[in-house]
Amino acid sequence: MNVQARATARPNMSLAMRAWNIRRKALLMGEVQGQGYIGQALGVADLLATSYFHAMDYRAEDPEWEGRDRFYLSIGHYAIALYAALMEAGIIPENELETYGMDDSRMPMSGMASYTPGMEITGGSLGHGLGIAVGAALGLKRKDNPAFIYNLMSDGELGEGSTWEAVMSAVQWKLDNLICLVDFNNQQADGPSRDALAVGAQAPKWEAFGWHAQEVDGNDLDALVAAFDAARNLTDPRPRVIIANTTMCKGVPFLEAREITHFVRVEADEWAKALAVLEEGKPQ
Amino acid sequence: MTLASMARKYEPRNVPETKVVTSAMIASLAAEGYETVAAPFGHALVEQARKNDRIVGLSADLSKYTDLHIFAQAMPERFYQMGMAEQLLMSAAAGLAREGFIPFATTYAVFASRRAYDFIAMAIAEENLPVKIVCALPGLTTGYGPSHQATEDLAIFRGLPNMVLIDPCDAADVAGMVPAMIAHDGPVYARLLRGKVPDVLRRHKPDYKFELGRAQMIREGRDVLVISSGIMTMRALDAVERLAADNVDVAVLHVPTIKPLDKTTILAEAAKGGRLVVTAENHTECGGLGEAVARELMLAGVHVPFRMIALPDEFLEAGALPTLHDMYGLSVDRVAAQIKSWL
């Protein structure tokens, strides 16, 4: 893995290093609170690294720059992961890391637009992001703004009817500026997503609705870069989805091996252990 | 097994001598003699949109039934047909607002308040975005039954922070609320009267103009103070004439903005004393204007005789609208009779 990142700060850092830094910051935040959706954060780190350090245009010093690509976090409980990415991108100062989840912090446990620079929407009530993204994509087109809207959602949100209303609408309006990212870790609150409503192959479903769909290993940076490039460079007037199959707790093998649940319990002494294990896997 | 609540469907009916035709048209609510204005919302919105290119319109397959088709025809490139998808309607409106536009999203009041509530709450109200939700068939204005009768919409939205609530009486209110909604930089839920809308308030008060957040005395009176919103102000004004024949002098305070409530005017009028205070609303007795006024009176220590005219806490029947208005106490006859019975 030697894909180069395109961010302004430290431009020569590899995407693997970016993803590693995101994982590390997420673990440090988890340690602060003694909890957090760390399984999801570790799983989605590669997707976030590819978004923020390969695909997206933004200005760290001006998070509301009109020309920026918009990143919508539909899954509010993944906030810990996005904060790590936003810190890595220089949008949130790193010295606020230890305020995570505390009173008056700019980084509450669930992502909200009014709290955090770089947090575009208030997620958390699931199935909202893609619909808002449809409206924002229409708005960008009205303004002839060539930016993309990225909407990061989870496989659990595939069960929300509102997701499919938005799926149909994005095709109706030919939203070629909309890229939906589905973090498919097959884990929702009560158990495996495939035992709930996410049964069956996802890419053919989205394709049948008229989307350009790709299904990739969401922890393979080369595969992610190729998928993002294909999604961005497509000339078809179609919305694009990348279904990223990810592994919960990726990068910390003893947590990966644990019986996976939606909310991975990490004992007080295990945060340091997890950080140490991560350190062993630090990219060269 | 037949549930007790279903038993009536097995009772055969006879064809009545007089046939009453069901109508969903708001014009049928107007008493004789009122002028009407065609589609005041649609025309007011077009007028504003010509001056303000941030305004866009969206509907969930009900543009014709919310008068938004007037806007869609005048400015097709600024109209978004979102299909029969109310959750998307509200979410997409939020997305457009986020990108700097002022979206007017229309549907029926039942669908906005019941089906799309979470999307209005989280995508629009929590972020205080300037989305204007304009909804037809408020309260009991259709004989279609509970699926279309939004009898609790204001109760639902009163609990929502940031949301401004408007319950217009007539064409003057409907046309006047449009620029006021645009001027307010935040979310608004407005009940809509559509089609041929009666022009009521200006007949009683020629210089009447809608003002957001302001209650206005339409008529002074010594014996009773009616505090009303929406079409119930029209009903109250019509009932006043009948009560005058019985030497009952009724004042009418029109409160088209339900939230924020004009406490100052309401309290000042109620505190004058010597009058029975009656609230009148086209809404369930739970959580609407009546309870909001009662709260303010209690908190301010204004202790006056108080009664409410409102829909009962029930799922209402289907049928012809005039019959239903009589049945549930919203007709002019019933308003007059109720007030008289309380004196």
# chains A, B, ... in the order shown; residues from 1 in each chain; ligands from 1
>>> closest_atom_pairs(of="chain A", to="chain B", cutoff="8 Å", atoms="only C-alpha atoms", output="Markdown table")
| residue | atom | partner | partner_atom | distance |
| --- | --- | --- | --- | --- |
| A:Ala113 | CA | B:Glu127 | CA | 7.3 |
| A:Ser114 | CA | B:Glu127 | CA | 7.1 |
| A:Ile121 | CA | B:Ala123 | CA | 7.8 |
| A:Thr122 | CA | B:Ala123 | CA | 7.0 |
| A:Ser125 | CA | B:Met122 | CA | 7.5 |
| A:His128 | CA | B:Ser91 | CA | 6.8 |
| A:Gly131 | CA | B:Ser91 | CA | 5.0 |
| A:Ile132 | CA | B:Gly95 | CA | 4.5 |
| A:Ala133 | CA | B:Gly95 | CA | 6.0 |
| A:Val134 | CA | B:Ala92 | CA | 5.7 |
| A:Gly135 | CA | B:Ala92 | CA | 3.6 |
| A:Ala136 | CA | B:Gly95 | CA | 4.1 |
| A:Ala137 | CA | B:Gly95 | CA | 7.7 |
| A:Leu138 | CA | B:Leu96 | CA | 6.9 |
| A:Gly139 | CA | B:Leu96 | CA | 5.0 |
| A:Leu140 | CA | B:Glu99 | CA | 6.9 |
| A:Ser162 | CA | B:Gln87 | CA | 5.9 |
| A:Glu165 | CA | B:Leu88 | CA | 6.0 |
| A:Ala166 | CA | B:Leu88 | CA | 6.0 |
| A:Ser169 | CA | B:Met82 | CA | 6.9 |
>>> write_last_selection(atoms="C-alpha atoms", output="PDB file, in the first residue's frame")
ATOM      1  CA  ALA A 113     -24.186  20.130  12.948  1.00  0.00           C
ATOM      2  CA  SER A 114     -24.333  22.918  15.520  1.00  0.00           C
ATOM      3  CA  ILE A 121     -25.669  17.568   9.382  1.00  0.00           C
ATOM      4  CA  THR A 122     -27.210  16.283  12.570  1.00  0.00           C
ATOM      5  CA  SER A 125     -31.928   9.486  13.775  1.00  0.00           C
ATOM      6  CA  HIS A 128     -31.989  10.911   7.359  1.00  0.00           C
ATOM      7  CA  GLY A 131     -32.651  12.399   1.866  1.00  0.00           C
ATOM      8  CA  ILE A 132     -30.937  15.582   3.033  1.00  0.00           C
ATOM      9  CA  ALA A 133     -28.143  14.809   0.585  1.00  0.00           C
ATOM     10  CA  VAL A 134     -30.688  14.653  -2.252  1.00  0.00           C
ATOM     11  CA  GLY A 135     -31.877  18.171  -1.394  1.00  0.00           C
ATOM     12  CA  ALA A 136     -28.346  19.496  -1.028  1.00  0.00           C
ATOM     13  CA  ALA A 137     -27.320  17.915  -4.358  1.00  0.00           C
ATOM     14  CA  LEU A 138     -30.299  19.641  -5.982  1.00  0.00           C
ATOM     15  CA  GLY A 139     -29.211  22.881  -4.308  1.00  0.00           C
ATOM     16  CA  LEU A 140     -25.634  22.564  -5.585  1.00  0.00           C
ATOM     17  CA  SER A 162     -36.755   6.892   3.982  1.00  0.00           C
ATOM     18  CA  GLU A 165     -37.367   7.194  -0.950  1.00  0.00           C
ATOM     19  CA  ALA A 166     -34.064   9.032  -1.342  1.00  0.00           C
ATOM     20  CA  SER A 169     -35.364  10.428  -5.919  1.00  0.00           C
TER      21      SER A 169
END
>>> residues_around(residues="Gln35 (chain A)", least_positions_apart="4", cutoff="8 Å", atoms="only C-alpha atoms", output="number ranges by chain")
A: 30-31, 265-266
>>> closest_residue(among="B:Arg295, B:Arg235, B:Lys272, B:Arg214", to="Val200 (chain B)", atoms="only C-alpha atoms")
B:Arg235
>>> select_by_dssp(residues="region 50-267 of chain A", states="alpha helix (DSSP H)", output="compact mmCIF listing (two decimals) with C-alpha atoms, in the first residue's frame")
# COMPACT_ATOMS: atom_id res chain seq x y z
CA THR A 50 -9.90 7.73 1.39
CA ALA A 79 -19.06 10.70 15.33
CA ILE A 80 -15.96 9.43 17.16
CA ALA A 81 -14.62 8.22 13.81
CA LEU A 82 -15.39 11.43 11.97
CA TYR A 83 -13.87 13.57 14.75
CA ALA A 84 -10.69 11.56 14.34
CA ALA A 85 -10.73 12.23 10.59
CA LEU A 86 -11.54 15.92 11.08
CA MET A 87 -8.63 16.24 13.51
CA GLU A 88 -6.36 14.44 11.11
CA GLY A 129 -28.68 11.59 5.64
CA LEU A 130 -29.42 10.40 2.14
CA GLY A 131 -32.65 12.40 1.87
CA ILE A 132 -30.94 15.58 3.03
CA ALA A 133 -28.14 14.81 0.58
CA VAL A 134 -30.69 14.65 -2.25
CA GLY A 135 -31.88 18.17 -1.39
CA ALA A 136 -28.35 19.50 -1.03
CA ALA A 137 -27.32 17.92 -4.36
CA LEU A 138 -30.30 19.64 -5.98
CA GLY A 139 -29.21 22.88 -4.31
CA LEU A 140 -25.63 22.56 -5.59
CA LYS A 141 -26.95 22.03 -9.10
CA ARG A 142 -29.16 25.13 -8.79
CA GLY A 161 -37.94 3.30 4.28
CA SER A 162 -36.75 6.89 3.98
CA THR A 163 -33.44 5.60 2.59
CA TRP A 164 -35.27 4.09 -0.37
CA GLU A 165 -37.37 7.19 -0.95
CA ALA A 166 -34.06 9.03 -1.34
CA VAL A 167 -32.59 6.26 -3.50
CA MET A 168 -35.45 6.65 -5.97
CA SER A 169 -35.36 10.43 -5.92
CA ALA A 170 -31.61 10.63 -6.59
CA VAL A 171 -32.19 8.69 -9.81
CA GLN A 172 -35.25 10.75 -10.73
CA GLN A 202 -26.90 -4.82 -2.16
CA ALA A 203 -25.19 -3.70 -5.37
CA PRO A 204 -27.82 -5.29 -7.67
CA LYS A 205 -30.58 -3.61 -5.68
CA TRP A 206 -29.07 -0.14 -6.10
CA GLU A 207 -28.32 -0.87 -9.75
CA ALA A 208 -31.90 -1.91 -10.32
CA PHE A 209 -32.99 1.47 -9.00
CA LEU A 221 -7.24 1.16 0.51
CA ASP A 222 -6.30 0.35 -3.09
CA ALA A 223 -9.78 -0.95 -3.74
CA LEU A 224 -11.33 2.10 -2.07
CA VAL A 225 -9.21 4.53 -4.07
CA ALA A 226 -10.19 2.80 -7.30
CA ALA A 227 -13.86 2.85 -6.32
CA PHE A 228 -13.80 6.54 -5.35
CA ASP A 229 -12.01 7.41 -8.60
CA ALA A 230 -14.57 5.48 -10.62
CA ALA A 231 -17.45 7.14 -8.76
CA ARG A 232 -16.01 10.65 -9.22
CA ASN A 233 -15.00 10.24 -12.84
CA PRO A 253 -6.83 -8.07 16.28
CA PHE A 254 -7.80 -8.95 19.84
CA LEU A 255 -10.91 -6.78 19.49
CA GLU A 256 -11.59 -8.12 15.97
>>> residues_around(residues="region 320-335 of chain B", least_positions_apart="5", cutoff="12 Å", atoms="only C-alpha atoms", output="JSON, numbers by chain")
{"B": [19, 20, 21, 22, 23, 24, 25, 26, 27, 28, 29, 30, 31, 32, 139, 140, 141, 142, 143, 144, 145, 149, 151, 226, 228, 230, 231, 232, 233, 234, 235, 236, 237, 238, 239, 240, 241, 242, 243, 250, 278, 279, 280, 281, 282, 283, 284, 285, 307, 308, 309, 310, 311, 312, 313, 314, 315, 340, 341, 342]}
>>> select_by_dssp(residues="region 61-201 of chain A", states="strand (DSSP E or B)", output="number ranges by chain")
A: 70-73, 149-154, 178-184, 188, 191
>>> residues_around(residues="Val264 (chain A)", least_positions_apart="4", cutoff="7 Å", atoms="only C-alpha atoms", output="list in words")
Tyr37, Ile38, Gly39 and Ile260 of chain A
>>> residues_around(residues="Ser51 (chain A)", least_positions_apart="2", cutoff="10 Å", atoms="only C-alpha atoms", output="list in words")
Ala5, Ala45, Asp46, Leu47, Leu48, Ala49, Phe53, His54, Ala55, Met56, Asp57, Asp69, Phe71, Ala85, Tyr150, Leu181, Leu224, Val225 and Phe228 of chain A
>>> atom_distance(atom1="CA of Trp271 (chain A)", atom2="CA of Pro93 (chain A)")
22.2 Å
>>> residues_around(residues="Phe306 (chain B)", least_positions_apart="3", cutoff="12 Å", atoms="only C-alpha atoms", output="list in words")
Val224, Leu225, Val226, Ile227, Ala270, Gly273, Gly274, Arg275, Leu276, Val277, Val278, Thr279, Ala280, Gly290, Glu291, Val293, Ala294, Arg295, Leu297, Met298, Val302, His303, Ile309, Ile339, Trp342 and Leu343 of chain B
>>> closest_residue(among="B:Leu192, B:Ala155, B:Pro146, B:Ala175", to="Ala109 (chain B)", atoms="only C-alpha atoms")
B:Leu192
>>> residues_around(residues="Val32 (chain A)", least_positions_apart="6", cutoff="8 Å", atoms="only C-alpha atoms", output="JSON, numbers by chain")
{"A": [98, 99, 100]}
>>> atom_distance(atom1="CA of Gln48 (chain B)", atom2="CA of Ala125 (chain B)")
23.2 Å
>>> decode(residues="region 245-321 of chain B", atoms="C-alpha atoms", output="PDB file, in the first residue's frame")
ATOM      1  CA  ALA B 245     -79.934  39.487  18.527  1.00  0.00           C
ATOM      2  CA  ASP B 246     -80.042  38.075  22.061  1.00  0.00           C
ATOM      3  CA  ASN B 247     -78.291  41.164  23.428  1.00  0.00           C
ATOM      4  CA  VAL B 248     -75.012  39.315  23.913  1.00  0.00           C
ATOM      5  CA  ASP B 249     -72.084  41.499  22.904  1.00  0.00           C
ATOM      6  CA  VAL B 250     -69.081  39.438  21.807  1.00  0.00           C
ATOM      7  CA  ALA B 251     -65.498  40.539  21.218  1.00  0.00           C
ATOM      8  CA  VAL B 252     -63.316  38.502  18.855  1.00  0.00           C
ATOM      9  CA  LEU B 253     -59.550  38.320  19.258  1.00  0.00           C
ATOM     10  CA  HIS B 254     -57.975  36.571  16.264  1.00  0.00           C
ATOM     11  CA  VAL B 255     -54.769  34.642  17.022  1.00  0.00           C
ATOM     12  CA  PRO B 256     -53.378  33.394  13.710  1.00  0.00           C
ATOM     13  CA  THR B 257     -49.938  32.654  15.181  1.00  0.00           C
ATOM     14  CA  ILE B 258     -50.215  29.742  17.595  1.00  0.00           C
ATOM     15  CA  LYS B 259     -46.505  29.737  18.405  1.00  0.00           C
ATOM     16  CA  PRO B 260     -45.039  32.047  19.532  1.00  0.00           C
ATOM     17  CA  LEU B 261     -48.292  33.045  21.174  1.00  0.00           C
ATOM     18  CA  ASP B 262     -49.051  36.748  21.579  1.00  0.00           C
ATOM     19  CA  LYS B 263     -49.313  36.477  25.372  1.00  0.00           C
ATOM     20  CA  THR B 264     -49.292  40.227  25.894  1.00  0.00           C
ATOM     21  CA  THR B 265     -52.426  40.907  23.875  1.00  0.00           C
ATOM     22  CA  ILE B 266     -54.238  37.797  25.119  1.00  0.00           C
ATOM     23  CA  LEU B 267     -53.537  38.572  28.772  1.00  0.00           C
ATOM     24  CA  ALA B 268     -54.368  42.262  28.396  1.00  0.00           C
ATOM     25  CA  GLU B 269     -57.737  41.480  26.838  1.00  0.00           C
ATOM     26  CA  ALA B 270     -58.607  38.661  29.243  1.00  0.00           C
ATOM     27  CA  ALA B 271     -57.559  40.730  32.274  1.00  0.00           C
ATOM     28  CA  LYS B 272     -60.044  43.479  31.446  1.00  0.00           C
ATOM     29  CA  GLY B 273     -62.502  41.234  33.333  1.00  0.00           C
ATOM     30  CA  GLY B 274     -66.246  41.063  33.315  1.00  0.00           C
ATOM     31  CA  ARG B 275     -66.276  38.848  30.258  1.00  0.00           C
ATOM     32  CA  LEU B 276     -66.562  35.133  29.681  1.00  0.00           C
ATOM     33  CA  VAL B 277     -63.419  34.018  27.875  1.00  0.00           C
ATOM     34  CA  VAL B 278     -64.009  31.396  25.161  1.00  0.00           C
ATOM     35  CA  THR B 279     -61.271  29.913  23.017  1.00  0.00           C
ATOM     36  CA  ALA B 280     -62.271  28.508  19.629  1.00  0.00           C
ATOM     37  CA  GLU B 281     -60.089  26.305  17.455  1.00  0.00           C
ATOM     38  CA  ASN B 282     -60.421  23.871  14.557  1.00  0.00           C
ATOM     39  CA  HIS B 283     -58.293  21.321  16.426  1.00  0.00           C
ATOM     40  CA  THR B 284     -58.553  18.725  19.153  1.00  0.00           C
ATOM     41  CA  GLU B 285     -59.068  20.073  22.652  1.00  0.00           C
ATOM     42  CA  CYS B 286     -55.685  18.498  23.511  1.00  0.00           C
ATOM     43  CA  GLY B 287     -52.660  20.686  23.125  1.00  0.00           C
ATOM     44  CA  GLY B 288     -53.941  23.464  20.878  1.00  0.00           C
ATOM     45  CA  LEU B 289     -54.877  27.117  21.267  1.00  0.00           C
ATOM     46  CA  GLY B 290     -57.292  26.562  24.159  1.00  0.00           C
ATOM     47  CA  GLU B 291     -54.762  24.844  26.382  1.00  0.00           C
ATOM     48  CA  ALA B 292     -52.075  27.333  25.380  1.00  0.00           C
ATOM     49  CA  VAL B 293     -54.289  30.266  26.391  1.00  0.00           C
ATOM     50  CA  ALA B 294     -55.372  28.559  29.624  1.00  0.00           C
ATOM     51  CA  ARG B 295     -51.741  28.093  30.556  1.00  0.00           C
ATOM     52  CA  GLU B 296     -50.945  31.761  30.068  1.00  0.00           C
ATOM     53  CA  LEU B 297     -53.981  32.840  32.075  1.00  0.00           C
ATOM     54  CA  MET B 298     -53.031  30.529  34.951  1.00  0.00           C
ATOM     55  CA  LEU B 299     -49.391  31.546  34.955  1.00  0.00           C
ATOM     56  CA  ALA B 300     -50.316  35.227  34.942  1.00  0.00           C
ATOM     57  CA  GLY B 301     -52.927  34.804  37.665  1.00  0.00           C
ATOM     58  CA  VAL B 302     -55.748  35.995  35.411  1.00  0.00           C
ATOM     59  CA  HIS B 303     -58.728  34.155  36.831  1.00  0.00           C
ATOM     60  CA  VAL B 304     -61.727  34.526  34.541  1.00  0.00           C
ATOM     61  CA  PRO B 305     -64.627  32.271  33.527  1.00  0.00           C
ATOM     62  CA  PHE B 306     -63.123  30.133  30.771  1.00  0.00           C
ATOM     63  CA  ARG B 307     -64.560  27.745  28.187  1.00  0.00           C
ATOM     64  CA  MET B 308     -63.162  25.991  25.120  1.00  0.00           C
ATOM     65  CA  ILE B 309     -64.686  25.294  21.733  1.00  0.00           C
ATOM     66  CA  ALA B 310     -62.587  22.573  20.123  1.00  0.00           C
ATOM     67  CA  LEU B 311     -62.854  19.168  18.546  1.00  0.00           C
ATOM     68  CA  PRO B 312     -63.274  16.258  20.953  1.00  0.00           C
ATOM     69  CA  ASP B 313     -60.414  13.914  21.802  1.00  0.00           C
ATOM     70  CA  GLU B 314     -61.675  11.317  19.334  1.00  0.00           C
ATOM     71  CA  PHE B 315     -61.135  10.035  15.820  1.00  0.00           C
ATOM     72  CA  LEU B 316     -63.852  11.925  13.988  1.00  0.00           C
ATOM     73  CA  GLU B 317     -66.469  10.521  11.674  1.00  0.00           C
ATOM     74  CA  ALA B 318     -66.610  10.661   7.889  1.00  0.00           C
ATOM     75  CA  GLY B 319     -69.512  12.390   6.207  1.00  0.00           C
ATOM     76  CA  ALA B 320     -70.628  15.711   4.791  1.00  0.00           C
ATOM     77  CA  LEU B 321     -68.627  18.584   6.206  1.00  0.00           C
TER      78      LEU B 321
END
